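What follows is the content of upload.txt (compact mmCIF, C-alpha atoms).
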```
# COMPACT_ATOMS: atom_id res chain seq x y z
CA MET A 1 0.00 0.00 0.00
CA SER A 2 1.21 3.48 -0.78
CA SER A 3 1.48 5.90 2.13
CA ALA A 4 -1.21 8.58 2.39
CA ARG A 5 -0.21 11.92 0.94
CA ALA A 6 -0.23 14.97 3.19
CA PRO A 7 -2.85 17.55 2.23
CA ALA A 8 -1.48 20.44 0.17
CA VAL A 9 -1.25 23.78 1.93
CA LYS A 10 -3.11 26.53 0.09
CA GLY A 11 -0.57 28.87 -1.49
CA SER A 12 2.36 26.49 -1.28
CA GLY A 13 4.27 25.97 -4.51
CA HIS A 14 5.50 28.68 -6.82
CA LEU A 15 3.04 31.53 -7.25
CA VAL A 16 4.98 33.16 -10.11
CA ARG A 17 4.52 30.73 -12.98
CA LYS A 18 4.20 32.76 -16.17
CA GLY A 19 5.96 35.31 -18.30
CA THR A 20 9.52 36.35 -18.94
CA GLY A 21 9.70 38.70 -15.97
CA GLY A 22 9.45 42.12 -17.66
CA ARG A 23 6.75 44.69 -17.06
CA SER A 24 4.90 43.58 -20.21
CA SER A 25 4.80 39.91 -19.15
CA VAL A 26 2.20 38.25 -16.92
CA SER A 27 3.59 37.03 -13.60
CA GLY A 28 0.35 35.45 -12.38
CA ILE A 29 0.25 37.72 -9.32
CA VAL A 30 -2.79 39.94 -8.80
CA ALA A 31 -1.94 41.83 -5.62
CA THR A 32 -4.03 44.20 -3.55
CA VAL A 33 -1.58 46.44 -1.70
CA PHE A 34 -3.19 48.31 1.18
CA GLY A 35 -1.11 51.38 2.05
CA ALA A 36 0.37 51.46 -1.46
CA THR A 37 0.37 55.28 -1.54
CA GLY A 38 2.74 55.46 1.44
CA PHE A 39 6.52 55.43 1.81
CA LEU A 40 7.21 51.69 1.40
CA GLY A 41 4.23 51.29 -0.95
CA ARG A 42 5.72 53.11 -3.93
CA TYR A 43 8.81 50.89 -3.94
CA LEU A 44 6.82 47.70 -3.52
CA VAL A 45 4.37 48.58 -6.30
CA GLN A 46 7.30 49.37 -8.61
CA LYS A 47 8.92 45.98 -7.96
CA LEU A 48 5.66 44.07 -8.41
CA ALA A 49 4.77 45.92 -11.62
CA LYS A 50 8.28 45.51 -13.02
CA MET A 51 7.86 41.72 -13.00
CA GLY A 52 4.50 41.83 -14.80
CA SER A 53 2.10 41.70 -11.84
CA GLN A 54 -1.25 43.44 -11.71
CA VAL A 55 -1.45 45.71 -8.65
CA LEU A 56 -4.74 46.93 -7.18
CA VAL A 57 -4.17 50.16 -5.27
CA PRO A 58 -6.87 50.95 -2.68
CA PHE A 59 -6.88 54.66 -1.83
CA ARG A 60 -9.06 56.86 0.34
CA GLY A 61 -7.60 60.28 -0.49
CA SER A 62 -7.78 62.42 -3.62
CA GLU A 63 -7.31 61.23 -7.20
CA ASP A 64 -3.77 62.70 -7.10
CA CYS A 65 -2.47 60.52 -4.27
CA HIS A 66 -1.89 57.48 -6.49
CA ARG A 67 -0.98 59.01 -9.85
CA HIS A 68 2.78 58.50 -9.37
CA LEU A 69 2.11 54.75 -9.16
CA LYS A 70 0.30 54.53 -12.53
CA LEU A 71 3.57 54.98 -14.42
CA MET A 72 5.24 52.01 -12.75
CA GLY A 73 3.36 49.28 -14.62
CA ASP A 74 2.24 48.49 -18.13
CA LEU A 75 -1.10 49.72 -19.43
CA GLY A 76 -3.91 48.58 -17.14
CA GLN A 77 -1.60 46.87 -14.64
CA ILE A 78 -1.86 49.50 -11.89
CA VAL A 79 -5.53 49.75 -10.91
CA PRO A 80 -6.46 52.46 -8.36
CA MET A 81 -9.69 51.70 -6.50
CA LYS A 82 -11.48 54.05 -4.11
CA TYR A 83 -12.25 52.48 -0.73
CA HIS A 84 -12.80 53.31 2.91
CA PRO A 85 -11.15 51.29 5.70
CA ARG A 86 -14.38 51.35 7.73
CA ASP A 87 -16.55 50.13 4.84
CA LEU A 88 -16.39 46.33 4.62
CA ASP A 89 -18.05 46.19 1.20
CA SER A 90 -15.45 48.50 -0.33
CA ILE A 91 -12.63 46.37 1.16
CA LYS A 92 -14.19 43.21 -0.27
CA ALA A 93 -14.45 44.92 -3.67
CA VAL A 94 -10.74 45.78 -3.84
CA MET A 95 -9.82 42.21 -2.84
CA ALA A 96 -12.35 40.46 -5.10
CA LYS A 97 -10.02 39.67 -8.06
CA SER A 98 -6.77 39.22 -6.06
CA ASN A 99 -4.72 36.18 -5.15
CA VAL A 100 -2.27 38.15 -2.96
CA VAL A 101 -2.97 40.69 -0.21
CA ILE A 102 -0.20 42.86 1.26
CA ASN A 103 -1.01 45.13 4.20
CA LEU A 104 1.30 48.13 4.63
CA ILE A 105 -1.18 50.22 6.62
CA GLY A 106 0.39 51.73 9.72
CA ARG A 107 0.79 54.97 11.59
CA GLU A 108 3.48 56.18 14.01
CA TYR A 109 1.21 58.84 15.55
CA GLU A 110 -2.48 59.08 16.38
CA THR A 111 -5.05 61.51 14.99
CA ARG A 112 -8.55 62.48 16.14
CA ASN A 113 -10.01 60.09 13.56
CA TYR A 114 -7.68 57.08 13.82
CA SER A 115 -6.15 55.56 16.94
CA PHE A 116 -3.22 53.12 17.05
CA GLU A 117 -5.64 50.34 18.00
CA GLU A 118 -7.82 50.89 14.94
CA VAL A 119 -5.04 51.41 12.38
CA ASN A 120 -2.43 48.88 13.53
CA HIS A 121 -4.64 46.20 15.09
CA HIS A 122 -8.32 46.23 14.06
CA MET A 123 -7.75 47.10 10.39
CA ALA A 124 -5.17 44.31 10.06
CA GLU A 125 -7.51 41.84 11.75
CA GLN A 126 -10.36 42.94 9.47
CA LEU A 127 -8.25 42.39 6.32
CA ALA A 128 -7.27 38.91 7.50
CA MET A 129 -10.92 37.98 8.17
CA ILE A 130 -12.03 39.17 4.72
CA ALA A 131 -9.09 37.38 3.06
CA LYS A 132 -10.07 34.17 4.85
CA GLU A 133 -13.70 34.50 3.69
CA HIS A 134 -12.52 35.26 0.13
CA GLY A 135 -11.13 31.76 -0.34
CA GLY A 136 -8.84 32.65 -3.24
CA ILE A 137 -6.12 34.57 -1.40
CA VAL A 138 -3.07 32.31 -1.54
CA ARG A 139 -0.58 34.70 0.10
CA PHE A 140 -1.19 37.27 2.85
CA ILE A 141 1.73 39.46 3.93
CA GLN A 142 1.54 41.76 6.93
CA VAL A 143 4.19 44.47 7.31
CA SER A 144 4.66 45.14 11.01
CA CYS A 145 7.58 46.79 12.86
CA LEU A 146 10.82 45.56 14.37
CA GLY A 147 10.35 45.54 18.14
CA ALA A 148 6.61 44.77 17.99
CA SER A 149 5.82 43.24 21.39
CA PRO A 150 2.92 43.19 23.87
CA SER A 151 5.35 44.43 26.54
CA SER A 152 6.83 47.36 24.58
CA GLU A 153 6.90 50.88 26.07
CA SER A 154 5.49 52.09 22.75
CA ARG A 155 1.73 51.85 22.14
CA MET A 156 2.38 51.67 18.41
CA LEU A 157 4.58 48.59 18.85
CA ARG A 158 2.07 47.00 21.26
CA THR A 159 -0.75 47.46 18.73
CA LYS A 160 1.47 46.14 15.92
CA ALA A 161 2.06 43.01 17.99
CA ALA A 162 -1.70 42.67 18.60
CA GLY A 163 -2.26 43.00 14.85
CA GLU A 164 0.24 40.20 14.12
CA GLU A 165 -1.43 37.92 16.67
CA SER A 166 -4.91 38.54 15.23
CA ILE A 167 -3.73 37.87 11.67
CA LEU A 168 -1.98 34.60 12.55
CA LYS A 169 -5.08 33.51 14.44
CA GLN A 170 -7.19 33.99 11.29
CA LEU A 171 -4.52 32.99 8.75
CA PRO A 172 -1.75 30.82 10.26
CA GLU A 173 -0.10 30.70 6.81
CA ALA A 174 0.33 34.52 6.67
CA THR A 175 3.85 35.97 6.41
CA ILE A 176 4.88 38.71 8.85
CA MET A 177 7.62 41.21 7.95
CA ARG A 178 9.12 43.33 10.71
CA PRO A 179 11.29 46.05 9.14
CA ALA A 180 13.49 48.26 11.29
CA THR A 181 13.43 52.06 10.87
CA MET A 182 13.31 52.54 7.09
CA ILE A 183 15.56 55.03 5.33
CA GLY A 184 14.89 56.46 1.87
CA THR A 185 13.96 59.54 -0.13
CA GLU A 186 10.58 60.04 1.58
CA ASP A 187 11.53 58.72 5.04
CA ARG A 188 10.16 60.18 8.24
CA ILE A 189 13.34 60.27 10.30
CA LEU A 190 16.36 61.71 8.46
CA ASN A 191 14.19 64.14 6.48
CA ARG A 192 12.66 65.45 9.70
CA TRP A 193 16.04 65.77 11.37
CA ALA A 194 17.57 67.59 8.39
CA GLN A 195 14.61 69.95 8.12
CA PHE A 196 14.80 70.71 11.85
CA VAL A 197 18.55 71.43 11.57
CA LYS A 198 17.93 73.67 8.57
CA ASN A 199 15.29 75.65 10.48
CA TRP A 200 16.86 75.82 13.94
CA GLY A 201 20.59 75.07 13.54
CA PHE A 202 20.68 72.18 16.05
CA LEU A 203 19.20 68.73 16.65
CA PRO A 204 17.63 67.59 19.95
CA LEU A 205 18.86 64.13 20.99
CA VAL A 206 16.63 62.34 23.47
CA GLY A 207 18.72 60.68 26.17
CA GLY A 208 21.91 61.61 24.32
CA GLY A 209 20.97 59.37 21.39
CA SER A 210 22.55 56.32 23.02
CA SER A 211 19.88 53.77 22.00
CA LYS A 212 20.95 51.28 19.33
CA ILE A 213 18.92 50.81 16.15
CA GLN A 214 19.39 48.90 12.90
CA PRO A 215 18.07 51.18 10.11
CA VAL A 216 17.33 49.57 6.76
CA TYR A 217 17.13 50.84 3.18
CA VAL A 218 13.48 50.88 2.10
CA ILE A 219 14.21 49.28 -1.29
CA ASP A 220 15.65 46.22 0.47
CA VAL A 221 12.41 45.82 2.44
CA ALA A 222 10.36 45.98 -0.79
CA ALA A 223 12.69 43.38 -2.36
CA ALA A 224 12.23 41.08 0.66
CA ILE A 225 8.43 41.18 0.29
CA VAL A 226 8.65 40.37 -3.44
CA ASN A 227 11.14 37.53 -2.82
CA SER A 228 8.74 35.97 -0.32
CA LEU A 229 6.14 35.84 -3.11
CA LYS A 230 8.61 34.22 -5.51
CA ASP A 231 9.48 31.27 -3.26
CA ASP A 232 7.75 27.88 -3.17
CA GLY A 233 5.77 28.68 -0.04
CA THR A 234 8.64 28.31 2.43
CA SER A 235 8.04 31.85 3.78
CA MET A 236 4.40 31.13 4.65
CA GLY A 237 3.55 31.22 8.34
CA LYS A 238 6.92 32.76 9.24
CA ILE A 239 8.07 36.01 10.83
CA TYR A 240 11.05 37.88 9.34
CA GLU A 241 12.99 40.63 11.11
CA LEU A 242 14.46 42.99 8.53
CA GLY A 243 17.30 45.10 9.88
CA GLY A 244 20.16 46.76 8.02
CA PRO A 245 23.71 45.34 7.96
CA GLU A 246 25.02 47.93 10.45
CA ILE A 247 24.03 48.87 13.99
CA TYR A 248 23.92 52.60 14.77
CA THR A 249 23.22 54.53 17.90
CA VAL A 250 20.70 57.32 17.27
CA HIS A 251 23.62 59.74 17.73
CA GLU A 252 25.71 57.95 15.08
CA LEU A 253 22.81 58.07 12.62
CA ALA A 254 22.51 61.80 13.27
CA GLU A 255 26.25 62.13 12.57
CA LEU A 256 25.69 60.45 9.17
CA MET A 257 22.91 62.94 8.46
CA TYR A 258 25.12 65.90 9.42
CA GLU A 259 27.99 64.61 7.28
CA THR A 260 25.70 64.26 4.26
CA ILE A 261 24.15 67.74 4.57
CA ARG A 262 27.63 69.15 5.33
CA GLU A 263 26.72 71.03 8.47
CA TRP A 264 28.73 71.32 11.67
CA PRO A 265 27.06 68.94 14.21
CA ARG A 266 25.22 70.79 16.96
CA TYR A 267 23.12 68.85 19.46
CA VAL A 268 20.97 69.61 22.48
CA ASN A 269 20.75 66.67 24.86
CA VAL A 270 17.16 66.28 26.07
CA PRO A 271 16.74 63.90 29.06
CA LEU A 272 14.07 61.25 28.50
CA PRO A 273 11.61 62.56 31.17
CA VAL A 274 11.88 66.10 29.71
CA ALA A 275 11.26 64.82 26.15
CA ARG A 276 8.19 62.94 27.35
CA ALA A 277 6.93 66.07 29.12
CA ILE A 278 7.37 68.15 25.93
CA ALA A 279 5.52 65.55 23.79
CA SER A 280 2.72 64.68 26.24
CA PRO A 281 0.39 67.70 25.87
CA ARG A 282 -0.52 66.72 22.28
CA GLU A 283 -1.52 63.22 23.38
CA MET A 284 -3.56 64.55 26.31
CA LEU A 285 -5.40 67.17 24.22
CA LEU A 286 -5.85 65.08 21.05
CA ASN A 287 -9.48 64.13 21.64
CA LYS A 288 -10.36 67.02 23.95
CA VAL A 289 -10.13 70.00 21.61
CA PRO A 290 -12.54 70.69 18.70
CA PHE A 291 -9.79 71.05 16.09
CA PRO A 292 -6.96 68.88 14.72
CA LEU A 293 -3.54 69.23 16.36
CA PRO A 294 -0.24 69.53 14.44
CA THR A 295 1.50 66.36 13.31
CA PRO A 296 4.36 65.57 15.72
CA SER A 297 7.86 65.55 14.21
CA ILE A 298 10.88 65.42 16.53
CA PHE A 299 8.89 65.18 19.77
CA ASN A 300 6.55 62.29 19.01
CA LEU A 301 5.75 60.66 22.37
CA ASP A 302 5.38 57.18 20.95
CA GLN A 303 8.62 57.39 18.96
CA ILE A 304 10.41 58.72 22.05
CA ASN A 305 9.21 55.64 23.96
CA ALA A 306 10.20 53.31 21.09
CA PHE A 307 13.71 54.81 20.91
CA SER A 308 14.18 54.69 24.69
CA VAL A 309 15.45 51.10 24.38
CA ASP A 310 17.65 49.27 21.86
CA ASN A 311 15.71 47.93 18.87
CA LEU A 312 17.77 45.27 17.09
CA VAL A 313 17.15 42.08 15.11
CA SER A 314 16.89 39.03 17.40
CA GLU A 315 19.75 36.52 17.25
CA ASP A 316 17.57 33.58 16.23
CA ALA A 317 15.25 35.49 13.87
CA LEU A 318 14.72 34.86 10.16
CA THR A 319 16.31 37.75 8.25
CA PHE A 320 17.12 39.13 4.78
CA GLU A 321 19.59 36.28 4.32
CA ASP A 322 16.76 33.74 4.50
CA LEU A 323 15.06 35.58 1.64
CA GLY A 324 18.20 35.67 -0.49
CA ILE A 325 18.91 39.39 -0.06
CA MET A 326 22.09 41.20 0.98
CA PRO A 327 20.91 44.53 2.46
CA GLN A 328 22.78 47.69 1.50
CA LYS A 329 24.80 49.83 3.88
CA LEU A 330 23.28 53.25 4.44
CA LYS A 331 26.34 55.39 3.80
CA GLY A 332 26.43 56.44 0.16
CA TYR A 333 23.53 56.21 -2.27
CA PRO A 334 20.73 55.36 0.25
CA VAL A 335 21.17 58.75 2.00
CA GLU A 336 22.15 60.74 -1.10
CA TYR A 337 18.72 62.43 -1.12
CA LEU A 338 19.84 64.50 1.88
CA VAL A 339 22.03 66.67 -0.41
CA SER A 340 18.88 68.75 -1.03
CA TYR A 341 19.26 70.10 2.52
CA ARG A 342 22.72 71.57 1.92
CA LYS A 343 22.33 75.32 2.45
CA GLY A 344 24.53 76.24 -0.54
CA GLY A 345 23.11 73.69 -2.96
CA PRO A 346 24.13 70.08 -3.74
CA SER A 347 27.81 70.98 -4.35
CA PHE A 348 28.15 73.03 -1.17
CA GLY A 349 31.04 72.22 1.21
CA SER A 350 32.82 68.90 1.57
CA THR A 351 32.66 65.91 3.89
CA ALA A 352 35.43 64.95 6.31
CA SER A 353 36.43 61.98 4.12
CA GLU A 354 36.71 64.24 1.04
CA LYS A 355 38.91 66.66 3.00
CA MET A 356 41.20 63.79 4.00
CA ARG A 357 41.50 62.59 0.39
CA SER A 358 42.35 66.07 -0.87
CA SER A 359 45.02 66.55 1.84
CA GLU A 360 46.66 63.25 0.84
CA MET A 361 47.00 64.30 -2.82
```
How does the structure come out when it is put into structure tokens?
Amino acid sequence: MSSARAPAVKGSGHLVRKGTGGRSSVSGIVATVFGATGFLGRYLVQKLAKMGSQVLVPFRGSEDCHRHLKLMGDLGQIVPMKYHPRDLDSIKAVMAKSNVVINLIGREYETRNYSFEEVNHHMAEQLAMIAKEHGGIVRFIQVSCLGASPSSESRMLRTKAAGEESILKQLPEATIMRPATMIGTEDRILNRWAQFVKNWGFLPLVGGGSSKIQPVYVIDVAAAIVNSLKDDGTSMGKIYELGGPEIYTVHELAELMYETIREWPRYVNVPLPVARAIASPREMLLNKVPFPLPTPSIFNLDQINAFSVDNLVSEDALTFEDLGIMPQKLKGYPVEYLVSYRKGGPSFGSTASEKMRSSEM
């Protein structure tokens, strides 16, 4: 008698089966990318479209918010669809023709309309439930955050962890990606620092900037997501921690920013309790005043709490290497966009390394 065969897992096997791989081919992937109009979204859509995938782009803003994505794919391959995250029927409509769902929705600060719990937890859980009911979704990828934990000081990271747990409860075969702080042209860390320095001439460092982080180039994160779709199903049901190849303290990352914008480093050390006191009034008043409050930049209470401890890839975690990617170092091209902050234009001044080279000649 032949031994009984194990039941096939839905989505296992190679998803990409067709085409030559160019933008005019047909990869077989029809992906709904929630959060496609955000920072990571534009790079992910570009990589999916470049291999001949059809990408459905749910958007809730104006007709202009997705137009930069239309150019990334062949005719008809990038399909914007209006939806609302609180309207279940509109979510089902944007998923109806898909076989892949990727959730990039996330927020590092709260607004009057959307709390951390709703954006990072309940929306993710809702997408997983609808994908499960759909029946034809063979891959579900949730992009979370490095450091997501129920015991984190940061509410954002606690809600991200709750979102992961809810998704895996609904879809045990889902893939979770936990990228570290992402760096790139539209990032929300080095751009904010450089703009603050340009306006005020110094940079506040909370707790002296001694916490260790593992920043990662955004394009490497997009490549990791696409590689997980190209495999034979080995990434399903797994959690990947995506950190860059180098560990920086927050102070060292600020030094890299200063070197790139060619400004003399000037810092103001802000003790952690003082930073929390400066950032707290916005959180206390958020739902108590009849008007929207400004978006936090440097003094974001939740980011202050997240950066109060080291946030590094775990020793036994699955990483870029397991997805066949060698992440890039930040120094060089990944931070080249910061030249726009040089006060005398892109050719203004010189870096310390350039001065050393010229003195040796």
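The smallest atom-to-atom distance between Val143 in chain A and any of A:Tyr109, A:Phe291, A:Tyr83, A:Phe34, using all atoms listed in the file, is found for A:Phe34.
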Which residue of A:Arg42, A:Lys160, A:Lys82, A:Arg139 approaches Ala222 in chain A most closely, using all atoms listed in the file: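 Selected residue with least distance to Ala222 in chain A: A:Arg42.
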Just want the 12 Å neighbourhood of Tyr333 in chain A, counted on only C-alpha atoms, with same-chain residues fewer than 6 positions away dropped. Output as a ChimeraX atom specification. /A:183-185,217,219,260,339
Can you write out the residues you just picked, keeping C-alpha atoms, as an mmCIF file, in the coordinates of the input?
```cif
data_model
loop_
_atom_site.group_PDB
_atom_site.id
_atom_site.type_symbol
_atom_site.label_atom_id
_atom_site.label_comp_id
_atom_site.auth_asym_id
_atom_site.auth_seq_id
_atom_site.Cartn_x
_atom_site.Cartn_y
_atom_site.Cartn_z
ATOM 1 C CA ILE A 183 15.560 55.030 5.330
ATOM 2 C CA GLY A 184 14.890 56.460 1.870
ATOM 3 C CA THR A 185 13.960 59.540 -0.130
ATOM 4 C CA TYR A 217 17.130 50.840 3.180
ATOM 5 C CA ILE A 219 14.210 49.280 -1.290
ATOM 6 C CA THR A 260 25.700 64.260 4.260
ATOM 7 C CA VAL A 339 22.030 66.670 -0.410
#
```
Residues near Tyr248 in chain A, cut-off 8 Å, all atoms listed in the file, skip fewer than 4 positions along chain, as a PDB file with C-alpha atoms, in the coordinates of the input:
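This went into around_4.pdb:
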```pdb
ATOM      1  CA  LYS A 212      20.950  51.280  19.330  1.00  0.00           C
ATOM      2  CA  ILE A 213      18.920  50.810  16.150  1.00  0.00           C
ATOM      3  CA  GLN A 214      19.390  48.900  12.900  1.00  0.00           C
ATOM      4  CA  PRO A 215      18.070  51.180  10.110  1.00  0.00           C
ATOM      5  CA  GLU A 252      25.710  57.950  15.080  1.00  0.00           C
ATOM      6  CA  LEU A 253      22.810  58.070  12.620  1.00  0.00           C
TER       7      LEU A 253
END
```
Proximity to Lys169 in chain A - best of A:Leu205, A:Arg112, A:Gly237, A:Ala148, all atoms listed in the file: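 Answer, going by the shortest atom-to-atom distance: A:Gly237.
Among A:Pro271, A:Gly233, A:Glu110, A:Tyr337, the residue with the shortest atom-to-atom distance to Glu283 in chain A, counting all atoms listed in the file, is A:Glu110.
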Residues within 10 Å of Asn113 in chain A, only C-alpha atoms, excluding chain neighbours under 2 positions, as a ChimeraX atom specification: /A:110-111,115,118,286-287,292
A:Cys65, A:Ser235, A:Ile298, A:Gly136 ranked by distance to Gln195 in chain A, top pick (using only C-alpha atoms):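 Closest to Gln195 in chain A, using only C-alpha atoms: A:Ile298.
Counting all atoms listed in the file and comparing A:Phe39, A:Phe196, A:Tyr258, A:Tyr114, the residue that lies closest to Thr181 in chain A is A:Phe39.
One distance worth recording is that between CA of Val33 in chain A and CA of Val100 in chain A, which is 8.4 Å.
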All residues 9 Å or closer to Lys70 in chain A, only C-alpha atoms, same chain fewer than 5 positions away omitted, as a list in words: Leu75, Gly76, Gln77, Ile78, Val79 and Pro80 of chain A
Work out where the centre of an axis-aligned box around every listed atom of range 340-347 of chain A lies and how long its edges are once 8 Å is added on each side; give both in Å to one decimal as JSON.
```
{"center_x": 23.3, "center_y": 72.5, "center_z": -0.9, "size_x": 24.9, "size_y": 23.5, "size_z": 22.9}
```
State, in Å with one decimal place, the distance from CA of Ala36 in chain A to CA of Ser228 in chain A.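 Rounded to one decimal, the two atoms are 17.6 Å apart.
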For range 178-180 of chain A: contacts at 8 Å, only C-alpha atoms, fewer than 5 positions along chain excluded, given as a list of chain:residue names: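 Result of the neighbour search: A:Val143, A:Ser144, A:Cys145, A:Leu146, A:Gly147, A:Ala148, A:Ile213, A:Gln214, A:Pro215, A:Val216, A:Val221, A:Ile239, A:Tyr240, A:Glu241, A:Leu242, A:Gly243, A:Gly244, A:Asn311, A:Leu312.
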